[in-house]
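Written out below as structure tokens is the structure these notes cover.
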Amino acid sequence: MFLGTHSPRLDDKGRLFLPAKYREELSGGLVITKGQERCLYVFPMAEFQRITEALRSAPVTEKAVRAYSRVFFASASDETPDKQGRITIPPPLRTYAGLTRDCTVIGANTRLEIWDSQAWETYLEQEEQAFSEISGEVLPGVL
């Protein structure tokens with residue numbers, strides 16, 4: 001499970017230090033791909049394989065399934081962190097997420113998300129109020 005907020009910087013070669021607490025879990029490999037709201041999703045290899053299986057069983061006759069799968073897999077890049085715990089984010093993914101230097105890496109349960117720091121702050125400002133005002137159950141019986 002991935003939790004918390006971290007603030008690494010992207011270097012001139014497009015490399016990012018993974019948060020230290022997750023380096024061991026991700027040392028065997030990971031997949032970076034486009035996420036919603038112009039962030040990047042980072043999945044451990046096993047979780048990416050689970051999602052792949054779920055999408056494999058989804059009906060390809062559904063236009064939304066085809067569209068999502070195309071973007072999700074076409075933009076995916078499998079990476080292995082180096083000895084210092086850095087991953088290289090491919091230029092098209094950096095462009096998609098607007099990553100230049102200051103990044104925010106957040107834990108999002110089964111994945112990490114990489115955001116441009118300013119984009120994350122803007123998103124958080126917009127969504128925190130809605131989060132605090134949710135009156136119905138998001139997950140019935142859980143929250």
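Identifiers for the structure tokens are assigned positionally: chains receive A, B, ... in sequence, residues are indexed from 1 per chain, and ligands are indexed from 1 in the order shown.
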- Give me the residues within 9 Å of A:Thr100 as a ChimeraX atom specification, counting only C-alpha atoms and dropping any in the same chain fewer than 6 places off. /A:9-12,14,94,116
- Message: According to DSSP computed on the backbone, where in chain A is there strand (DSSP E or B)? Give the residues as a VMD selection string.
- Response: chain A and resid 2 5 to 6 9 to 10 15 to 17 30 to 34 40 to 44 77 to 79 86 to 88 102 to 109 111 to 116
- Do you know which residues are at most 6 Å from stretch 37-50 of chain A counting only C-alpha atoms, after dropping those on the same chain fewer than 2 positions away, and could you put them as a PyMOL selection string? chain A and resi 26+29-35+52-53+97+111-115
- Message: So the first atom is atom CA of A:Gly98 and the second is atom CA of A:Tyr123; what is the distance between them in Å, to one decimal place?
- Response: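 About the pair atom CA of A:Gly98 and atom CA of A:Tyr123: they are 13.8 Å apart.
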- Query: What is the distance between atom CA of A:Pro90 and atom CA of A:Ile51, in Å to one decimal?
  - Reply: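 Here the two named atoms are 21.4 Å from each other.
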- Among chain A, which ones does DSSP place in helix (DSSP H, G or I), written as a VMD selection string? chain A and resid 20 to 26 36 to 38 45 to 56 63 to 74 91 to 97 117 to 133
- Query: Suppose you want the space between atom CA of A:Leu18 and atom CA of A:His6; what is it in Å?
  - Reply: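 Spanning atom CA of A:Leu18 to atom CA of A:His6 is a straight-line distance of 9.0 Å.
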- Can you pull out every residue within 9 Å of A:Thr88, counting only C-alpha atoms, but drop anything in the same chain fewer than 3 positions away, and send it as a list in words? Lys13, Gly14, Arg15, Leu16, Glu79, Thr80 and Pro81 of chain A
Create the file for the chosen residues now, containing C-alpha atoms and written as a CSV table (one decimal), in the first residue's frame.
chain,number,residue,atom,x,y,z
A,13,LYS,CA,18.1,13.8,-17.5
A,14,GLY,CA,14.5,13.2,-16.5
A,15,ARG,CA,15.3,11.0,-13.5
A,16,LEU,CA,13.3,11.1,-10.3
A,79,GLU,CA,11.3,0.8,-15.8
A,80,THR,CA,13.8,-0.6,-13.3
A,81,PRO,CA,15.1,1.8,-10.6
